[in-house]
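Peer 1: This is the content of start29.cif (mmCIF, C-alpha atoms):
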```cif
data_my_file
loop_
_atom_site.label_atom_id
_atom_site.label_comp_id
_atom_site.auth_asym_id
_atom_site.auth_seq_id
_atom_site.Cartn_x
_atom_site.Cartn_y
_atom_site.Cartn_z
CA MET A 1 0.00 0.00 0.00
CA ASN A 2 1.35 3.41 -0.82
CA LEU A 3 -0.43 6.25 0.93
CA LYS A 4 2.49 8.66 0.55
CA GLY A 5 1.28 12.09 -0.50
CA ARG A 6 -2.41 11.14 -0.35
CA HIS A 7 -5.13 13.33 1.18
CA LEU A 8 -7.65 12.00 3.71
CA ILE A 9 -10.77 14.11 3.30
CA ASP A 10 -13.43 11.41 3.37
CA PRO A 11 -12.97 7.89 4.78
CA GLY A 12 -13.89 6.62 1.31
CA ASP A 13 -10.63 8.10 0.00
CA PHE A 14 -8.86 4.96 1.28
CA SER A 15 -9.68 1.40 0.24
CA LEU A 16 -10.34 -1.23 2.93
CA LEU A 17 -6.89 -2.68 2.25
CA GLU A 18 -5.34 0.75 2.74
CA LEU A 19 -7.27 1.21 5.99
CA GLU A 20 -6.05 -2.21 7.09
CA SER A 21 -2.45 -1.17 6.40
CA ILE A 22 -2.92 1.83 8.72
CA PHE A 23 -4.33 -0.39 11.48
CA ARG A 24 -1.42 -2.80 11.09
CA LEU A 25 1.06 0.05 11.40
CA ALA A 26 -0.84 1.46 14.41
CA GLU A 27 -0.68 -1.95 16.10
CA LYS A 28 3.05 -2.17 15.43
CA ILE A 29 3.50 1.28 16.97
CA ILE A 30 1.49 0.24 20.04
CA GLU A 31 3.70 -2.83 20.45
CA ASN A 32 6.99 -1.03 20.02
CA LYS A 33 6.74 2.72 20.52
CA ASP A 34 10.47 3.35 20.78
CA GLU A 35 11.16 2.13 17.26
CA TYR A 36 8.88 4.83 15.87
CA SER A 37 9.95 7.69 18.13
CA GLN A 38 12.16 9.45 15.57
CA ILE A 39 10.64 8.52 12.19
CA CYS A 40 9.26 12.04 11.65
CA LYS A 41 12.43 13.89 12.63
CA GLU A 42 12.79 17.00 10.42
CA LYS A 43 9.09 16.76 9.46
CA ILE A 44 6.48 19.39 10.30
CA LEU A 45 2.73 18.96 10.84
CA GLY A 46 0.67 22.09 10.10
CA THR A 47 -2.48 22.45 12.21
CA LEU A 48 -5.17 24.79 10.87
CA PHE A 49 -7.93 24.73 13.47
CA TYR A 50 -10.60 27.26 12.48
CA GLU A 51 -12.91 25.79 15.10
CA PRO A 52 -12.29 24.94 18.79
CA SER A 53 -10.85 21.51 19.45
CA THR A 54 -9.13 19.92 22.39
CA ARG A 55 -8.96 16.21 21.78
CA THR A 56 -8.37 16.10 18.04
CA ARG A 57 -5.78 18.89 18.03
CA LEU A 58 -3.86 17.54 21.01
CA SER A 59 -4.12 14.01 19.64
CA PHE A 60 -2.56 15.15 16.35
CA GLU A 61 0.12 17.14 18.15
CA ALA A 62 0.90 14.20 20.44
CA ALA A 63 1.05 11.89 17.42
CA MET A 64 3.59 14.10 15.63
CA LEU A 65 5.69 14.79 18.73
CA ARG A 66 5.80 11.09 19.62
CA MET A 67 7.37 10.44 16.22
CA GLY A 68 10.02 13.13 16.69
CA GLY A 69 8.34 15.67 14.41
CA LYS A 70 7.37 19.30 14.97
CA VAL A 71 4.04 21.11 14.89
CA LEU A 72 3.04 24.60 13.80
CA GLY A 73 -0.29 26.26 13.23
CA PHE A 74 -3.17 27.95 14.99
CA SER A 75 -6.03 26.79 17.14
CA ASP A 76 -8.23 29.85 16.86
CA ALA A 77 -9.25 31.38 13.53
CA ASN A 78 -9.40 34.79 15.21
CA VAL A 79 -5.60 34.89 15.58
CA SER A 80 -4.98 33.80 11.99
CA SER A 81 -5.23 35.59 8.64
CA ALA A 82 -8.73 34.15 8.30
CA ALA A 83 -9.79 36.97 10.64
CA LYS A 84 -8.48 39.40 8.00
CA GLY A 85 -10.59 37.68 5.36
CA GLU A 86 -7.99 35.42 3.78
CA ASN A 87 -9.58 32.54 1.91
CA ILE A 88 -8.74 28.88 2.43
CA ALA A 89 -7.07 28.48 -0.95
CA ASP A 90 -4.48 31.18 -0.18
CA THR A 91 -3.86 29.93 3.38
CA ILE A 92 -3.21 26.37 2.26
CA ARG A 93 -0.98 27.42 -0.65
CA VAL A 94 1.23 29.29 1.80
CA LEU A 95 1.22 26.55 4.44
CA SER A 96 2.21 24.01 1.78
CA ALA A 97 5.60 25.72 1.77
CA TYR A 98 5.96 25.62 5.56
CA ALA A 99 4.86 22.09 6.48
CA ASP A 100 5.02 18.50 5.21
CA VAL A 101 1.47 17.47 6.09
CA VAL A 102 -1.49 19.52 7.30
CA VAL A 103 -4.62 18.86 9.32
CA ILE A 104 -7.54 21.25 8.91
CA ARG A 105 -10.63 21.62 11.06
CA HIS A 106 -13.27 24.04 9.84
CA PRO A 107 -16.87 24.88 10.76
CA LYS A 108 -17.89 24.97 7.09
CA GLU A 109 -18.63 21.64 5.42
CA GLY A 110 -16.35 20.80 2.51
CA ALA A 111 -13.57 23.23 3.56
CA PRO A 112 -10.88 20.47 3.71
CA ARG A 113 -11.96 19.23 0.26
CA LEU A 114 -11.49 22.77 -1.04
CA ALA A 115 -8.09 23.01 0.68
CA SER A 116 -6.94 19.73 -0.90
CA LYS A 117 -7.46 21.20 -4.36
CA TYR A 118 -4.84 23.88 -3.70
CA SER A 119 -2.38 21.98 -1.51
CA ASN A 120 0.97 20.49 -2.49
CA ILE A 121 1.17 18.49 0.74
CA PRO A 122 -1.21 15.83 2.13
CA VAL A 123 -4.34 17.34 3.70
CA ILE A 124 -6.12 15.59 6.58
CA ASN A 125 -9.71 16.47 7.37
CA GLY A 126 -9.78 17.05 11.13
CA GLY A 127 -13.55 17.59 11.09
CA ASP A 128 -15.66 19.83 8.85
CA GLY A 129 -18.90 21.20 10.32
CA GLY A 130 -21.48 18.47 10.69
CA HIS A 131 -20.09 16.59 7.71
CA GLN A 132 -17.15 14.20 8.16
CA HIS A 133 -14.42 13.33 10.66
CA PRO A 134 -12.35 10.57 9.02
CA THR A 135 -9.52 10.39 11.57
CA GLN A 136 -12.09 9.76 14.31
CA THR A 137 -13.21 6.86 12.12
CA LEU A 138 -9.65 5.49 12.02
CA THR A 139 -9.69 5.76 15.81
CA ASP A 140 -13.08 4.06 16.11
CA LEU A 141 -12.21 1.23 13.74
CA LEU A 142 -8.88 0.58 15.48
CA THR A 143 -10.77 0.47 18.80
CA ILE A 144 -13.35 -1.99 17.43
CA LYS A 145 -10.60 -4.15 15.91
CA LYS A 146 -8.58 -4.23 19.13
CA LEU A 147 -11.45 -4.68 21.59
CA LYS A 148 -14.00 -6.59 19.53
CA GLY A 149 -11.67 -8.60 17.32
CA SER A 150 -13.41 -7.81 14.02
CA ILE A 151 -14.77 -4.77 12.21
CA SER A 152 -17.29 -7.01 10.39
CA GLY A 153 -20.41 -8.79 11.54
CA ASN A 154 -21.47 -6.39 14.29
CA THR A 155 -24.83 -4.85 15.13
CA VAL A 156 -23.95 -1.23 15.78
CA GLY A 157 -26.26 1.24 17.48
CA PHE A 158 -25.72 4.95 16.92
CA CYS A 159 -27.48 7.09 19.50
CA GLY A 160 -28.02 10.85 19.87
CA ASP A 161 -27.38 13.56 17.32
CA LEU A 162 -27.15 11.67 14.04
CA LYS A 163 -27.92 14.76 11.97
CA PHE A 164 -24.95 16.92 12.93
CA GLY A 165 -22.68 14.22 14.42
CA ARG A 166 -19.86 14.09 11.89
CA THR A 167 -18.16 11.19 13.66
CA VAL A 168 -21.31 9.15 13.09
CA HIS A 169 -21.42 10.08 9.40
CA SER A 170 -17.84 9.00 8.76
CA LEU A 171 -18.06 5.83 10.84
CA ILE A 172 -21.36 4.51 9.49
CA LYS A 173 -20.27 5.23 5.93
CA THR A 174 -17.11 3.22 6.51
CA LEU A 175 -18.66 0.37 8.52
CA SER A 176 -21.16 -0.11 5.70
CA ARG A 177 -18.23 -1.11 3.46
CA TYR A 178 -17.35 -4.03 5.75
CA PRO A 179 -19.45 -7.21 5.43
CA ASP A 180 -22.37 -8.19 7.65
CA ASN A 181 -22.69 -5.07 9.79
CA LYS A 182 -26.21 -3.99 10.78
CA PHE A 183 -27.18 -0.55 12.02
CA ILE A 184 -29.74 0.63 14.55
CA LEU A 185 -30.13 4.40 14.54
CA VAL A 186 -31.54 5.91 17.74
CA SER A 187 -32.36 9.62 17.63
CA PRO A 188 -35.17 12.14 18.01
CA GLU A 189 -37.06 12.78 14.75
CA GLU A 190 -35.33 16.17 14.28
CA LEU A 191 -31.82 14.69 14.58
CA ARG A 192 -32.12 11.74 12.23
CA LEU A 193 -29.33 10.83 9.82
CA PRO A 194 -29.11 13.19 6.79
CA ASP A 195 -31.01 12.08 3.68
CA HIS A 196 -27.90 11.78 1.50
CA LEU A 197 -26.38 9.27 3.93
CA ARG A 198 -29.59 7.27 4.32
CA HIS A 199 -29.84 7.12 0.54
CA MET A 200 -26.23 5.94 0.27
CA LEU A 201 -26.66 3.27 2.94
CA LYS A 202 -29.93 1.89 1.62
CA ASN A 203 -29.42 2.14 -2.12
CA ILE A 204 -25.67 1.94 -2.68
CA ALA A 205 -24.24 0.03 0.31
CA GLN A 206 -27.57 -1.86 0.67
CA VAL A 207 -27.19 -2.42 4.40
CA GLU A 208 -29.87 -3.09 6.97
CA ILE A 209 -30.95 -0.03 8.94
CA ILE A 210 -33.51 0.22 11.71
CA GLU A 211 -34.49 3.71 12.92
CA THR A 212 -36.08 4.23 16.31
CA GLU A 213 -36.44 6.84 19.03
CA ASP A 214 -36.24 4.32 21.89
CA LEU A 215 -32.81 3.15 23.07
CA GLU A 216 -34.05 0.79 25.78
CA THR A 217 -35.97 -1.51 23.42
CA VAL A 218 -32.93 -2.10 21.17
CA ILE A 219 -29.95 -1.99 23.55
CA GLY A 220 -30.06 -5.76 24.15
CA SER A 221 -29.38 -6.55 20.49
CA LEU A 222 -26.27 -4.36 20.12
CA ASP A 223 -22.62 -5.41 19.88
CA ILE A 224 -21.50 -1.78 19.91
CA LEU A 225 -23.32 1.30 21.22
CA TYR A 226 -21.89 4.53 19.80
CA MET A 227 -23.15 7.45 21.89
CA THR A 228 -22.88 11.06 20.71
CA ARG A 229 -23.53 14.42 22.30
CA ILE A 230 -26.15 16.79 20.92
CA GLN A 231 -24.07 19.23 18.83
CA LYS A 232 -24.96 22.57 20.40
CA GLU A 233 -22.73 24.55 18.05
CA ARG A 234 -24.60 23.35 14.92
CA PHE A 235 -28.03 24.58 16.01
CA PHE A 236 -29.25 27.86 14.58
CA ASN A 237 -31.88 28.03 17.32
CA GLU A 238 -30.93 27.75 21.02
CA ALA A 239 -34.47 26.69 21.99
CA ASP A 240 -34.23 23.61 19.75
CA TYR A 241 -30.98 22.62 21.45
CA VAL A 242 -32.43 23.01 24.94
CA ARG A 243 -35.47 20.90 23.99
CA LEU A 244 -33.34 18.05 22.61
CA LYS A 245 -30.19 18.08 24.73
CA ASP A 246 -31.38 15.53 27.30
CA SER A 247 -32.94 13.12 24.79
CA TYR A 248 -30.71 10.18 25.70
CA ILE A 249 -28.74 9.58 28.87
CA LEU A 250 -27.00 6.22 29.23
CA THR A 251 -26.90 5.03 32.84
CA ARG A 252 -25.47 1.91 34.44
CA ASN A 253 -29.03 0.82 35.08
CA LYS A 254 -29.88 0.95 31.35
CA LEU A 255 -26.73 -1.07 30.62
CA SER A 256 -28.15 -4.00 32.58
CA GLU A 257 -30.21 -4.91 29.50
CA ALA A 258 -27.14 -4.88 27.22
CA LYS A 259 -24.90 -7.80 26.20
CA GLU A 260 -22.00 -8.55 28.54
CA ASP A 261 -19.45 -7.88 25.78
CA MET A 262 -21.09 -4.83 24.20
CA LEU A 263 -18.76 -1.87 23.73
CA VAL A 264 -19.88 1.62 24.74
CA MET A 265 -18.05 4.07 22.51
CA HIS A 266 -18.12 7.88 22.38
CA PRO A 267 -15.94 10.27 20.35
CA LEU A 268 -15.82 12.65 23.35
CA PRO A 269 -16.26 15.24 24.69
CA ARG A 270 -19.37 14.07 26.51
CA VAL A 271 -21.79 16.43 28.13
CA ASN A 272 -24.36 14.41 30.05
CA GLU A 273 -25.30 11.62 27.62
CA ILE A 274 -23.23 9.03 29.52
CA SER A 275 -23.53 9.04 33.32
CA TYR A 276 -20.27 8.96 35.23
CA ASP A 277 -21.23 5.62 36.82
CA VAL A 278 -20.90 3.98 33.38
CA ASP A 279 -17.15 4.82 33.40
CA GLU A 280 -16.60 2.01 35.91
CA ASP A 281 -18.33 -0.58 33.71
CA ASP A 282 -16.01 -2.91 31.75
CA ARG A 283 -18.00 -2.16 28.60
CA ALA A 284 -17.04 1.54 28.66
CA ALA A 285 -14.45 1.89 25.89
CA TYR A 286 -14.33 5.65 25.32
CA PHE A 287 -11.15 6.51 27.19
CA LYS A 288 -9.36 3.59 25.56
CA GLN A 289 -10.74 4.92 22.28
CA ALA A 290 -9.15 8.35 22.91
CA GLU A 291 -5.81 6.64 23.57
CA PHE A 292 -6.03 4.61 20.35
CA GLY A 293 -6.68 7.91 18.54
CA VAL A 294 -3.06 8.95 18.97
CA TYR A 295 -1.77 5.67 17.48
CA ALA A 296 -4.22 5.80 14.58
CA ARG A 297 -3.08 9.36 13.78
CA MET A 298 0.59 8.41 14.13
CA ALA A 299 0.09 5.62 11.61
CA LEU A 300 -1.82 7.91 9.23
CA ILE A 301 0.80 10.68 9.30
CA ALA A 302 3.64 8.18 8.88
CA ALA A 303 1.88 6.58 5.90
CA GLN A 304 1.17 9.94 4.24
CA LEU A 305 4.80 11.01 4.72
CA GLY A 306 6.06 7.63 3.53
CA VAL A 307 8.12 7.03 6.67
CA GLY A 308 8.26 4.23 9.20
CA ASN A 309 7.94 1.29 6.83
CA ASN A 310 11.27 -0.12 7.93
CA ALA A 311 11.16 0.85 11.58
CA MET B 1 -51.82 33.08 -38.66
CA LEU B 2 -48.38 34.26 -37.46
CA LYS B 3 -45.67 32.93 -39.76
CA VAL B 4 -41.98 32.63 -38.90
CA GLU B 5 -39.68 31.53 -41.66
CA SER B 6 -37.49 28.47 -41.35
CA ILE B 7 -33.84 29.04 -40.58
CA HIS B 8 -30.96 28.32 -42.93
CA TYR B 9 -28.35 27.37 -40.33
CA GLY B 10 -28.73 27.09 -36.58
CA ILE B 11 -30.77 25.42 -33.84
CA VAL B 12 -34.47 24.85 -33.35
CA ILE B 13 -35.48 23.95 -29.80
CA ASP B 14 -38.85 22.29 -30.35
CA HIS B 15 -41.58 20.69 -28.26
CA ILE B 16 -41.00 23.02 -25.32
CA THR B 17 -43.84 22.62 -22.83
CA GLN B 18 -46.18 25.58 -23.22
CA GLY B 19 -45.05 28.36 -20.90
CA LYS B 20 -41.47 27.16 -20.40
CA GLY B 21 -40.05 28.83 -23.51
CA LYS B 22 -39.33 32.09 -21.71
CA LYS B 23 -37.45 30.31 -18.92
CA ILE B 24 -35.24 28.45 -21.41
CA PHE B 25 -34.77 31.67 -23.40
CA ASP B 26 -33.53 33.37 -20.21
CA LYS B 27 -31.38 30.46 -18.98
CA LEU B 28 -29.60 30.32 -22.33
CA ASN B 29 -29.07 34.07 -22.00
CA LEU B 30 -30.57 34.62 -25.44
CA GLY B 31 -31.82 38.07 -24.49
CA GLU B 32 -28.19 39.21 -24.70
CA ALA B 33 -27.52 37.48 -28.06
CA ASP B 34 -26.17 39.46 -31.02
CA PHE B 35 -27.40 36.84 -33.49
CA PRO B 36 -31.01 36.34 -34.63
CA VAL B 37 -33.21 34.50 -32.12
CA VAL B 38 -36.93 34.11 -31.86
CA LEU B 39 -39.19 32.75 -29.13
CA LEU B 40 -42.54 31.44 -30.30
CA ARG B 41 -45.18 30.85 -27.66
CA ASN B 42 -48.47 28.95 -27.74
CA VAL B 43 -47.81 27.38 -31.14
CA VAL B 44 -50.41 24.77 -32.13
CA SER B 45 -48.98 21.25 -31.83
CA SER B 46 -50.60 17.99 -32.89
CA LYS B 47 -48.71 16.18 -30.11
CA PHE B 48 -49.04 18.59 -27.15
CA GLY B 49 -51.99 20.81 -28.10
CA LYS B 50 -49.80 23.89 -27.66
CA LYS B 51 -46.06 24.27 -27.36
CA ASP B 52 -43.26 26.85 -27.37
CA ILE B 53 -40.39 26.93 -29.87
CA ILE B 54 -37.05 28.78 -29.91
CA LYS B 55 -35.17 29.35 -33.14
CA ILE B 56 -31.53 30.41 -33.10
CA GLU B 57 -29.96 31.48 -36.38
CA ASN B 58 -26.25 31.23 -37.28
CA ARG B 59 -25.11 29.48 -34.08
CA ILE B 60 -24.93 25.81 -33.12
CA ASP B 61 -22.30 26.03 -30.35
CA ILE B 62 -24.68 26.73 -27.46
CA ASP B 63 -24.36 24.69 -24.27
CA MET B 64 -27.79 23.21 -23.73
CA THR B 65 -26.85 20.73 -20.95
CA MET B 66 -29.31 22.24 -18.52
CA LEU B 67 -32.33 22.03 -20.84
CA GLY B 68 -33.08 18.54 -19.52
CA LEU B 69 -33.55 20.06 -16.09
CA ILE B 70 -35.95 22.72 -17.28
CA ASP B 71 -38.06 20.66 -19.68
CA PRO B 72 -37.42 16.97 -20.44
CA ASN B 73 -39.87 17.06 -23.39
CA VAL B 74 -37.64 19.30 -25.50
CA THR B 75 -36.23 18.21 -28.85
CA ILE B 76 -33.14 19.93 -30.26
CA ASN B 77 -32.81 20.14 -34.04
CA ILE B 78 -29.53 21.15 -35.66
CA VAL B 79 -30.24 22.77 -39.03
CA GLU B 80 -27.94 23.18 -42.00
CA ASP B 81 -29.06 24.33 -45.47
CA GLU B 82 -32.60 24.49 -44.10
CA LYS B 83 -32.53 20.75 -43.38
CA THR B 84 -32.51 19.06 -39.97
CA ILE B 85 -29.23 17.15 -39.92
CA LYS B 86 -29.42 16.05 -36.29
CA LYS B 87 -32.33 15.59 -33.87
CA MET B 88 -31.65 15.12 -30.16
CA LYS B 89 -33.82 14.48 -27.11
CA VAL B 90 -32.55 16.20 -23.97
CA GLU B 91 -31.56 14.23 -20.89
CA ILE B 92 -31.33 15.08 -17.23
CA PRO B 93 -27.64 15.99 -16.90
CA LYS B 94 -25.47 13.73 -14.73
CA GLU B 95 -23.34 16.67 -13.65
CA VAL B 96 -24.27 20.33 -13.31
CA GLN B 97 -22.15 23.35 -12.48
CA GLY B 98 -23.26 26.96 -12.23
CA LEU B 99 -27.01 26.40 -12.60
CA PHE B 100 -27.86 26.55 -8.89
CA LYS B 101 -26.20 26.91 -5.49
CA CYS B 102 -25.86 24.35 -2.72
CA LYS B 103 -28.88 24.58 -0.41
CA ASN B 104 -26.79 23.79 2.69
CA PRO B 105 -26.07 27.04 4.60
CA ARG B 106 -23.11 25.32 6.33
CA CYS B 107 -21.43 24.45 3.00
CA ILE B 108 -18.08 26.13 2.27
CA SER B 109 -19.38 27.01 -1.21
CA ASN B 110 -21.84 29.42 0.46
CA ALA B 111 -19.17 30.93 2.73
CA GLU B 112 -16.34 31.91 0.38
CA ASP B 113 -16.41 33.70 -2.97
CA ASN B 114 -15.45 32.11 -6.26
CA ILE B 115 -16.40 28.55 -5.34
CA ASN B 116 -18.55 26.94 -7.99
CA PRO B 117 -19.37 23.41 -6.82
CA LEU B 118 -19.95 20.54 -9.18
CA PHE B 119 -23.23 18.74 -8.51
CA THR B 120 -23.65 15.05 -9.33
CA LEU B 121 -27.04 13.53 -10.10
CA VAL B 122 -28.11 11.17 -7.31
CA LYS B 123 -31.83 10.62 -7.86
CA ALA B 124 -33.89 11.23 -10.97
CA ASN B 125 -37.12 9.43 -10.15
CA GLY B 126 -39.88 11.79 -9.11
CA THR B 127 -37.64 14.44 -7.59
CA ILE B 128 -34.31 15.26 -9.17
CA GLU B 129 -31.57 15.55 -6.57
CA TYR B 130 -27.94 16.54 -6.91
CA SER B 131 -25.12 15.95 -4.43
CA CYS B 132 -22.70 18.83 -3.74
CA GLU B 133 -19.04 17.93 -4.27
CA TYR B 134 -18.06 19.71 -1.06
CA CYS B 135 -20.69 18.89 1.58
CA GLU B 136 -22.59 16.04 -0.18
CA GLU B 137 -25.96 17.54 0.83
CA LEU B 138 -28.71 16.90 -1.69
CA THR B 139 -30.17 19.87 -3.51
CA SER B 140 -33.50 19.27 -5.25
CA TYR B 141 -34.30 20.73 -8.62
CA THR B 142 -37.91 21.04 -9.63
CA LEU B 143 -38.83 20.74 -13.27
#
```
Mind turning the file's structure into structure tokens?

Peer 2:
Amino acid sequence: MNLKGRHLIDPGDFSLLELESIFRLAEKIIENKDEYSQICKEKILGTLFYEPSTRTRLSFEAAMLRMGGKVLGFSDANVSSAAKGENIADTIRVLSAYADVVVIRHPKEGAPRLASKYSNIPVINGGDGGHQHPTQTLTDLLTIKKLKGSISGNTVGFCGDLKFGRTVHSLIKTLSRYPDNKFILVSPEELRLPDHLRHMLKNIAQVEIIETEDLETVIGSLDILYMTRIQKERFFNEADYVRLKDSYILTRNKLSEAKEDMLVMHPLPRVNEISYDVDEDDRAAYFKQAEFGVYARMALIAAQLGVGNNA
Amino acid sequence: MLKVESIHYGIVIDHITQGKGKKIFDKLNLGEADFPVVLLRNVVSSKFGKKDIIKIENRIDIDMTMLGLIDPNVTINIVEDEKTIKKMKVEIPKEVQGLFKCKNPRCISNAEDNINPLFTLVKANGTIEYSCEYCEELTSYTL
């Protein structure tokens, strides 16, 4: 597999074999971190974060630093030239000369795709509005592979904000490419999966989807429960957010109906959709998931830079 | 009865659904043309009862991709030496650029200038829907 120089804007940009090669590299890194600690020496990761981020930005920075590389960029659009009105095309053209690989997070959907058209270096989509978040998908798939054994043949429940939850969009799109996965979508009517994704899943991927508003009636059939927070920042109307924000709260009591080996996943940050008492349950996988995120991003960056194959 | 002569060289857009001729005339920007054009409305048709027709003289290099979106009944006739040398039915275009904007207010194409997204046909049964190359949201186009 040669991912050197390739962009990752949508999880569909990589074939399943290419994704597998990233997971293999990530697993090698997990097993022997020291061997990979200098593979990005002299390399620079550019971070263009036009929207607030803690986990994703720090995860990318940790990934690059753990491979001996350096990081430059901004984490607030107000301190960048974007505040002066510079467009994305100009920003990325300039950054292409400063860095070897760049991650971009932007509130507008499709901004990383636009950036990739003008970039001479690999562009990674670090999350664009309510659209896609492909590196969270790498993280999620690596977590499922490590903790569940297989990415195929699972009944996966997605619960919460499926309309604006970009991690859901990227993950369900990718899981639908693996065989024998079934999906149960749990959300209020107003936060159902976008039409274009439902159309893709039903007509192109031809996977089984069940949509419901009731988590408790379906939790017993799930192998994986992927919880999401209601995305406050995507609502145009505060009243709608307040009405929907407490739609689903997973408690230890509700987990009593779930399978003993079900995984509870969450891209984090959580607000109140998973009670703190669930953290102590063996099925809670979300902090492990955050840890795997660093290794998944290390493997991605190394593959895009074409380093680490012989480590 | 009103009589419009046949053209020697050019295009005849025929079988336009009655009332849609003006829209096609405008979309093709024919009001700005410096070559002879004529829009005929409410012409008696054995097939449709009444129809509109557009005749364009001296030009055959007009991009008519979007006609299928405005009126799928249209027939395009290419005329040379007063004879129809080619007759084409229009189709719903598989890709469209510049005819409409992405309906998604969160799309980058609605936030920055000079972005002209390519739309790809996703559904053409009943409603016609196009997917934006940037945000993938579906934008419907009504015939």

Peer 1: Would you pick out the contacts of Ile78 in chain B at 8 Å or less, using all atoms listed in the file, so that residues sharing its chain but fewer than 5 positions from it are not included, and give the list as a list of chain:residue names?

Peer 2: B:Tyr9, B:Gly10, B:Ile11, B:Val12, B:Ile60, B:Thr84, B:Ile85, B:Lys86, B:Lys87

Peer 1: Write out as a PyMOL selection string each polymer residue whose atoms come within 8 Å of range 36-50 of chain B, counting all atoms listed in the file; drop sequence neighbours fewer than 6 positions from it.

Peer 2: chain B and resi 15+17-19+21-22+25+30+56-58

Peer 1: For a quick test of understanding: name the residues of chain A lying within 6 Å of chain B when counting only C-alpha atoms, and present them as a short mmCIF file (atom, residue, chain, number, x, y, z; two decimals) with C-alpha atoms, in the frame of the given file.

Peer 2:
```cif
data_model
loop_
_atom_site.label_atom_id
_atom_site.label_comp_id
_atom_site.auth_asym_id
_atom_site.auth_seq_id
_atom_site.Cartn_x
_atom_site.Cartn_y
_atom_site.Cartn_z
CA LYS A 108 -17.89 24.97 7.09
CA GLU A 109 -18.63 21.64 5.42
CA GLY A 110 -16.35 20.80 2.51
CA ALA A 111 -13.57 23.23 3.56
#
```

Peer 1: Mind giving me the axis-aligned box for range 210-226 of chain A with 5 Å on every side, centre plus edges in Å to one decimal, as lines of an AutoDock Vina configuration file?

Peer 2:
```
center_x = -29.0
center_y = 0.1
center_z = 18.7
size_x = 24.9
size_y = 23.4
size_z = 24.1
```

Peer 1: Please evaluate the PyMOL selection byres ((chain A and resi 219) around 8) against the structure above and give the resulting residues as a list in words.

Peer 2: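 Checking the PyMOL selection byres ((chain A and resi 219) around 8) against this file, the residues are Gly157, Leu215, Glu216, Thr217, Val218, Gly220, Ser221, Leu222, Leu225, Leu255, Glu257 and Ala258 of chain A.
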
Peer 1: Expressed in Å to a single decimal, how great is the separation between CA of Val94 in chain A and CA of Gly308 in chain A?

Peer 2: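 So the answer is 27.1 Å.
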
Peer 1: Output the residue selection produced by the PyMOL selection byres ((chain A and resi 169) around 12) on the file above, formatted as a CSV table (one decimal) with C-alpha atoms, in the coordinates of the input.

Peer 2:
```csv
chain,number,residue,atom,x,y,z
A,10,ASP,CA,-13.4,11.4,3.4
A,11,PRO,CA,-13.0,7.9,4.8
A,12,GLY,CA,-13.9,6.6,1.3
A,127,GLY,CA,-13.6,17.6,11.1
A,128,ASP,CA,-15.7,19.8,8.8
A,129,GLY,CA,-18.9,21.2,10.3
A,130,GLY,CA,-21.5,18.5,10.7
A,131,HIS,CA,-20.1,16.6,7.7
A,132,GLN,CA,-17.2,14.2,8.2
A,133,HIS,CA,-14.4,13.3,10.7
A,134,PRO,CA,-12.4,10.6,9.0
A,136,GLN,CA,-12.1,9.8,14.3
A,137,THR,CA,-13.2,6.9,12.1
A,158,PHE,CA,-25.7,5.0,16.9
A,161,ASP,CA,-27.4,13.6,17.3
A,162,LEU,CA,-27.2,11.7,14.0
A,163,LYS,CA,-27.9,14.8,12.0
A,164,PHE,CA,-25.0,16.9,12.9
A,165,GLY,CA,-22.7,14.2,14.4
A,166,ARG,CA,-19.9,14.1,11.9
A,167,THR,CA,-18.2,11.2,13.7
A,168,VAL,CA,-21.3,9.2,13.1
A,170,SER,CA,-17.8,9.0,8.8
A,171,LEU,CA,-18.1,5.8,10.8
A,172,ILE,CA,-21.4,4.5,9.5
A,173,LYS,CA,-20.3,5.2,5.9
A,174,THR,CA,-17.1,3.2,6.5
A,175,LEU,CA,-18.7,0.4,8.5
A,176,SER,CA,-21.2,-0.1,5.7
A,185,LEU,CA,-30.1,4.4,14.5
A,192,ARG,CA,-32.1,11.7,12.2
A,193,LEU,CA,-29.3,10.8,9.8
A,194,PRO,CA,-29.1,13.2,6.8
A,195,ASP,CA,-31.0,12.1,3.7
A,196,HIS,CA,-27.9,11.8,1.5
A,197,LEU,CA,-26.4,9.3,3.9
A,198,ARG,CA,-29.6,7.3,4.3
A,200,MET,CA,-26.2,5.9,0.3
A,201,LEU,CA,-26.7,3.3,2.9
A,226,TYR,CA,-21.9,4.5,19.8
A,228,THR,CA,-22.9,11.1,20.7
B,135,CYS,CA,-20.7,18.9,1.6
B,136,GLU,CA,-22.6,16.0,-0.2
```

Peer 1: Using Å and a single decimal, report how far CA of Ile92 in chain B sits from CA of Leu69 in chain B.

Peer 2: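 Taking CA of Leu69 in chain B and CA of Ile92 in chain B, their separation equals 5.6 Å.
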
Peer 1: Could you check which residues have any atom within 12 Å of (4.4, 19.3, 7.8), counting only C-alpha atoms with coordinates taken straight from the file, and then list them as a ChimeraX atom specification?

Peer 2: /A:5,40-48,60-61,64-65,69-73,92,95-103,119-124,301-302,304-305

Peer 1: So the first atom is CA of Lys103 in chain B and the second is CA of Tyr141 in chain B; what is the distance between them in Å, to one decimal place?

Peer 2: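 One can read the CA of Lys103 in chain B to CA of Tyr141 in chain B distance as 10.6 Å.
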
Peer 1: Decode the PyMOL selection byres ((chain A and resi 147) around 12) for the given file into explicit residues and return them as a list in words.

Peer 2: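 Here the PyMOL selection byres ((chain A and resi 147) around 12) matches Asp140, Leu141, Leu142, Thr143, Ile144, Lys145, Lys146, Lys148, Gly149, Ser150, Ile151, Asp223, Ile224, Asp261, Met262, Leu263, Val264, Met265, Asp282, Arg283, Ala284, Ala285, Tyr286, Lys288, Gln289 and Phe292 of chain A.
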